[in-house]
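Engineer: One structure follows; several queries about it will come next.
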Amino acid sequence: MIRADLVIYGARQLVTLADVTVPPGPRRGHDLAELSVIEQGALAARDGKIVWIGPADALPRQVSQLSGCGVFDATGHVVTPGLVDPHTHLVFARGRAVEFSQRAAGKSYSEIAQAGGGIARSVADLRAGAFDELCRNAGKIASRMLTYGTTTAEAKSGYGLDLEHELKMLRAIRTVDSSHAIDLVPTALPAHTIPVEYRSRPSDYVDLVCHEILPAVAREKLAVFNDVFVESGAFSLAWAERIQSAAASLGFGLRFHVDQLSPMKGTELAVRLGAISADHLDFISDDGIRCLADSTTIGVLIPGVSYFLDCTQRPPARRMIEAGVAVALATDCNPGSNMCESMTQTMNQACVLYRMSPEEALTAATVNAAWSLQRADRIGSLTVGKQCDCVIWDTDDYRDLSYHYGVNLAVHVIKNGMRAAP
Ligand code: NIG
Ligand code: FE
C-alpha cells in the first residue's frame, strides 16, 4: 500500500499532461493538444510530492491515508496541474491607470513612453518606493495569481535600472517568494530600457549592466535568468548580444523580449545565443519562425498584451505551431502593457486572438511554461515524483478554462500538497 497525506478523488477529468515524447521535452505540433486525461481520476501525494495517480476506483486498494490526510472530493470537477506563468513584472510601486485613460482617449503606448510615461514612470516610482511597500504590493499580486490557479510564476526586475534599485527589486522578489505559497522564479532585467540619466550615453549603461549590475546579482544569487528588451528605443541587437554574453558567462539562463513592437530579428539573435525563451514575437520573421522551431528555445506568447494594447500585429501563432515551435503562454502581468494576473484569462485570449485551441492553450500554460522555466522535472504536469501543485476547477470540461472567461473557476489551489487558495 502507498501511504499518502493528501488524496484527491473522483475527478471527472484529471488532466495529467504526462510526457508523450521520449526523451521528454516541450510539446510541439500535434503534441500540444495531447492532454493525457484520466476520466474519473484520482491522485495521492505525500510530503508535497505525487506518489500515486490513476483511476479513482483503484485508489482505495492501492493507497492508504495517513492520519490527518487532506481529502479532496473532486466529483464532477476538472483537476489540472497548477498553472505556470513564465513572464511577469509583478514588482512595481504603483499602477499606471492614468496611462490606461490616456490610451482610451487615443494616445498610443509608444507615445506615452516618449512623453516620459511608460517604463520610465515605473522606474521613478520604484526608486522612490519603500522596500516593505514594494513587497506588500507584489505579495498582493502573488496571492491573486495563486487564487486564480497559478502555482509558479517568473518575476523580473527592470524598474530599478541602477545597481541599488535592481537589487532592491530582486530582493523584494526573494522576500515575496519566501513568504507566499506561490513559487517565484527570479529574472534580472536591468536591460529593460535605457534609464533617463543615461539617455545621452547609452553605451555607458550597457557597460554598467555588464560590469556592475549583473555581477552583483550573480554574487548575491538573486536571479536565475537574465532578460533584455530588444527594441528601437530600448536595446539594439549588438547591445543585447553584449549584455547576454556577459550574463551567460556569469551563469544566467537567457530570456528575451523580442520582436514585440517592431521587426528587429531579435528572435534569430535569441536562438543563436541559446536562449531559454524568446517572448512576445508579434513581429517574428519567417526565418525567425524556422530557427525557433529548430531550436530548444521556447516561444512565450503574450496575448494579454495584444488585447490590452489593442495591437493589430499579432504573433502568427498558428504558423508557429505548425512549423514546430514549442509555445508557452504568459500574462506579462505589469502596470503598463497588461494589468492582469490571470492565466485562464490569458488562455481565453490565446484562443480568441491567436486561434489556439483550448487544449493547446492549457499545454502552453502548464507543461511548456514549466519547460521555459527549466522546471519541467518538478512542475507543469501531474506524474509520480513531481510536486503536488494542482488546481480543482468548478467545471466538468477542461475547455471551460479557456471558454468561460472573466470568472475564477478555481475551487482549490494546492501547492506542494497543501491547500493554498482561494
Ligand atoms: O513586456 N516590453 C517591455 N516591457 C513590458 C512592459 C513594461 C511596462 O510597460 O511597464 C512588456 O510589455
Ligand atoms: Fe515583459
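We name chains A, B, ... following the order of the C-alpha cells; residues begin at 1 in each chain, and ligands are numbered from 1 as shown.
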Let me have all residues with an atom within 6 Å of ligand 1, counting only C-alpha atoms and all ligand atoms, laid out as a PyMOL selection string.

Structural biologist: chain A and resi 118-119+332+334-337

Engineer: Write the residues you've just listed into a file as an mmCIF file, in the first residue's frame, and include C-alpha atoms for each of them.

Structural biologist:
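So out.cif came out as:
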```cif
data_model
loop_
_atom_site.group_PDB
_atom_site.id
_atom_site.type_symbol
_atom_site.label_atom_id
_atom_site.label_comp_id
_atom_site.auth_asym_id
_atom_site.auth_seq_id
_atom_site.Cartn_x
_atom_site.Cartn_y
_atom_site.Cartn_z
ATOM 1 C CA GLY A 118 5.697 54.068 -19.535
ATOM 2 C CA ILE A 119 8.592 52.116 -18.072
ATOM 3 C CA ASP A 332 3.316 39.507 -18.649
ATOM 4 C CA ASN A 334 2.754 44.572 -15.405
ATOM 5 C CA PRO A 335 1.332 48.071 -14.822
ATOM 6 C CA GLY A 336 1.814 49.248 -18.436
ATOM 7 C CA SER A 337 1.065 46.659 -21.094
#
```

Engineer: Can you list, as a PyMOL selection string, all residues belonging to region 294-411 of chain A that DSSP tags as alpha helix (DSSP H)?

Structural biologist: chain A and resi 303-308+317-323+343-354+358-364+367-372+400-403

Engineer: How would you report the residues lying within 8 Å of ligand 2, as a list in words, if you count only C-alpha atoms and all ligand atoms?

Structural biologist: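 With only C-alpha atoms and all ligand atoms and a cut-off of 8 Å, ligand 2 is contacted by His87, Thr88, His89, His257, Asp279, Asp332, Cys333 and Asn334 of chain A.
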
Engineer: Please return, as a PyMOL selection string, all residues of region 32-148 of chain A that DSSP assigns to strand (DSSP E or B) on the basis of the backbone.

Structural biologist: chain A and resi 37-46+49-55+63-73+75+78-81+83-85

Engineer: Give me the residues within 6 Å of Asp389 (chain A) as a ChimeraX atom specification, counting only C-alpha atoms and dropping any in the same chain fewer than 6 places off.

Structural biologist: /A:81-82,414-416

Engineer: For Met347 (chain A), work out the shell of residues within 12 Å, counting only C-alpha atoms and skipping chain neighbours fewer than 6 positions away, then give it as number ranges by chain.

Structural biologist: A: 83-85, 301-304, 328-331, 341, 353-366, 398-406

Engineer: Would you give me, as JSON lines, each residue of region 112-212 of chain A having an atom within 10 Å of an atom of region 371-383 of chain A, along with its shortest atom pair and that distance in Å to one decimal, using only C-alpha atoms and sorting by chain and residue number?

Structural biologist:
```
{"residue": "A:Thr151", "atom": "CA", "partner": "A:Ile379", "partner_atom": "CA", "distance": 9.1}
{"residue": "A:Thr152", "atom": "CA", "partner": "A:Ile379", "partner_atom": "CA", "distance": 8.4}
{"residue": "A:Ala153", "atom": "CA", "partner": "A:Leu373", "partner_atom": "CA", "distance": 8.9}
{"residue": "A:Glu154", "atom": "CA", "partner": "A:Leu373", "partner_atom": "CA", "distance": 7.5}
{"residue": "A:Val185", "atom": "CA", "partner": "A:Leu373", "partner_atom": "CA", "distance": 7.6}
{"residue": "A:Pro186", "atom": "CA", "partner": "A:Leu373", "partner_atom": "CA", "distance": 9.9}
```

Engineer: Near Asp259 (chain A), within 7 Å and counting only C-alpha atoms, which residues show up once chain neighbours fewer than 2 positions away are dropped, as a PDB file with C-alpha atoms, in the first residue's frame?

Structural biologist:
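The resulting file, selection_25.pdb, is shown below:
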```pdb
ATOM      1  CA  LEU A 261       6.720  46.452 -31.182  1.00  0.00           C
ATOM      2  CA  SER A 262       8.692  46.273 -34.446  1.00  0.00           C
ATOM      3  CA  PRO A 263      10.510  43.660 -36.557  1.00  0.00           C
ATOM      4  CA  MET A 264      14.084  43.518 -35.222  1.00  0.00           C
ATOM      5  CA  LYS A 265      15.137  39.929 -35.981  1.00  0.00           C
ATOM      6  CA  GLY A 266      15.511  39.568 -32.245  1.00  0.00           C
ATOM      7  CA  THR A 267      14.201  36.010 -32.333  1.00  0.00           C
ATOM      8  CA  HIS A 280       6.243  38.367 -27.393  1.00  0.00           C
ATOM      9  CA  LEU A 281       7.149  37.639 -31.092  1.00  0.00           C
ATOM     10  CA  ASP A 282       4.403  39.811 -32.604  1.00  0.00           C
ATOM     11  CA  PHE A 283       6.757  40.785 -35.459  1.00  0.00           C
ATOM     12  CA  ILE A 284       8.654  37.493 -35.794  1.00  0.00           C
TER      13      ILE A 284
END
```

Engineer: Could you work out how far CA of Ala240 (chain A) lies from CA of Ile194 (chain A), giving the answer in Å with one decimal?

Structural biologist: 12.1 Å

Engineer: What lies within 12 Å of Tyr159 (chain A) using only C-alpha atoms, ignoring chain neighbours under 5 positions off, as a PDB file with C-alpha atoms, in the first residue's frame?

Structural biologist:
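Okay, out39.pdb is ready:
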```pdb
ATOM      1  CA  HIS A  89       6.808  42.074 -13.890  1.00  0.00           C
ATOM      2  CA  LEU A  90       4.935  41.736 -10.603  1.00  0.00           C
ATOM      3  CA  VAL A  91       7.132  44.032  -8.502  1.00  0.00           C
ATOM      4  CA  PHE A  92       6.221  47.684  -9.056  1.00  0.00           C
ATOM      5  CA  ALA A  93       5.479  50.591  -6.770  1.00  0.00           C
ATOM      6  CA  ARG A  94       2.295  51.988  -8.339  1.00  0.00           C
ATOM      7  CA  GLY A 118       5.697  54.068 -19.535  1.00  0.00           C
ATOM      8  CA  ILE A 119       8.592  52.116 -18.072  1.00  0.00           C
ATOM      9  CA  ALA A 120      10.371  55.374 -17.058  1.00  0.00           C
ATOM     10  CA  ARG A 121       7.359  56.312 -14.911  1.00  0.00           C
ATOM     11  CA  SER A 122       7.538  52.962 -13.114  1.00  0.00           C
ATOM     12  CA  VAL A 123      11.301  53.408 -12.630  1.00  0.00           C
ATOM     13  CA  ALA A 124      10.780  56.778 -10.924  1.00  0.00           C
ATOM     14  CA  ASP A 125       8.011  55.308  -8.733  1.00  0.00           C
ATOM     15  CA  LEU A 126      10.086  52.279  -7.800  1.00  0.00           C
ATOM     16  CA  ARG A 127      13.178  54.252  -6.879  1.00  0.00           C
ATOM     17  CA  ALA A 128      11.037  56.424  -4.569  1.00  0.00           C
ATOM     18  CA  GLY A 129       9.151  53.492  -3.026  1.00  0.00           C
ATOM     19  CA  LEU A 134       7.043  47.034  -2.704  1.00  0.00           C
ATOM     20  CA  GLU A 164      20.815  49.802  -5.898  1.00  0.00           C
ATOM     21  CA  HIS A 165      17.282  49.547  -7.231  1.00  0.00           C
ATOM     22  CA  GLU A 166      17.704  46.452  -9.401  1.00  0.00           C
ATOM     23  CA  LEU A 167      18.999  44.681  -6.281  1.00  0.00           C
ATOM     24  CA  LYS A 168      16.091  46.131  -4.279  1.00  0.00           C
ATOM     25  CA  MET A 169      13.593  44.654  -6.764  1.00  0.00           C
ATOM     26  CA  LEU A 170      15.251  41.246  -6.821  1.00  0.00           C
ATOM     27  CA  ALA A 188      17.178  40.111 -13.811  1.00  0.00           C
ATOM     28  CA  LEU A 189      16.075  42.728 -16.345  1.00  0.00           C
ATOM     29  CA  PRO A 190      18.431  45.687 -15.912  1.00  0.00           C
ATOM     30  CA  ALA A 191      18.278  45.975 -19.720  1.00  0.00           C
ATOM     31  CA  HIS A 192      14.566  46.881 -19.780  1.00  0.00           C
ATOM     32  CA  THR A 193      15.153  50.385 -21.138  1.00  0.00           C
ATOM     33  CA  ILE A 194      17.903  52.995 -21.055  1.00  0.00           C
ATOM     34  CA  PRO A 195      17.383  54.945 -17.818  1.00  0.00           C
ATOM     35  CA  VAL A 196      16.778  58.689 -18.250  1.00  0.00           C
ATOM     36  CA  ASN A 334       2.754  44.572 -15.405  1.00  0.00           C
ATOM     37  CA  PRO A 335       1.332  48.071 -14.822  1.00  0.00           C
ATOM     38  CA  GLY A 336       1.814  49.248 -18.436  1.00  0.00           C
TER      39      GLY A 336
END
```

Engineer: Could you check how far CA of Asp396 (chain A) sits from CA of Gly76 (chain A), in Å to one decimal?

Structural biologist: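 Calculated distance between CA of Asp396 (chain A) and CA of Gly76 (chain A) is 5.4 Å.
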
Engineer: Looking at A:Leu273, A:Val209, A:Val305, A:Leu214, which one is nearest to Phe235 (chain A), with distances taken over only C-alpha atoms?

Structural biologist: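 Result for the nearest residue to Phe235 (chain A): A:Val209.
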
Engineer: Applying 12 Å and only C-alpha atoms, which residues near Gln40 (chain A) remain after dropping the ones on its own chain fewer than 5 positions away? List them as a list of chain:residue names.

Structural biologist: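 Returned residues: A:Ile8, A:Tyr9, A:Gly10, A:Ala11, A:Arg12, A:Gln13, A:Leu14, A:Val15, A:Ile53, A:Gly54, A:Pro55, A:Ala56, A:Asp57, A:Ala58, A:Leu59, A:Asp73, A:Ala74, A:Thr75, A:Gly76, A:His77, A:Val78, A:Val79, A:Asp396.
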
Engineer: Taking only residues of region 179-246 of chain A that have an atom at most 12 Å from an atom of region 418-421 of chain A, what is each one's shortest atom pair and its distance in Å to one decimal, using only C-alpha atoms, in chain and number order, as a Markdown table?

Structural biologist:
```
| residue | atom | partner | partner_atom | distance |
| --- | --- | --- | --- | --- |
| A:His180 | CA | A:Ala420 | CA | 9.2 |
| A:Ala181 | CA | A:Ala420 | CA | 6.5 |
| A:Ile182 | CA | A:Ala420 | CA | 8.5 |
| A:Asp183 | CA | A:Ala420 | CA | 11.8 |
```

Engineer: Here is a test: counting only C-alpha atoms, which residue of A:Ala97, A:Ala350, A:Ala142, A:Ala234 is nearest to Arg314 (chain A)?

Structural biologist: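 Using only C-alpha atoms, the shortest distance to Arg314 (chain A) belongs to A:Ala350.
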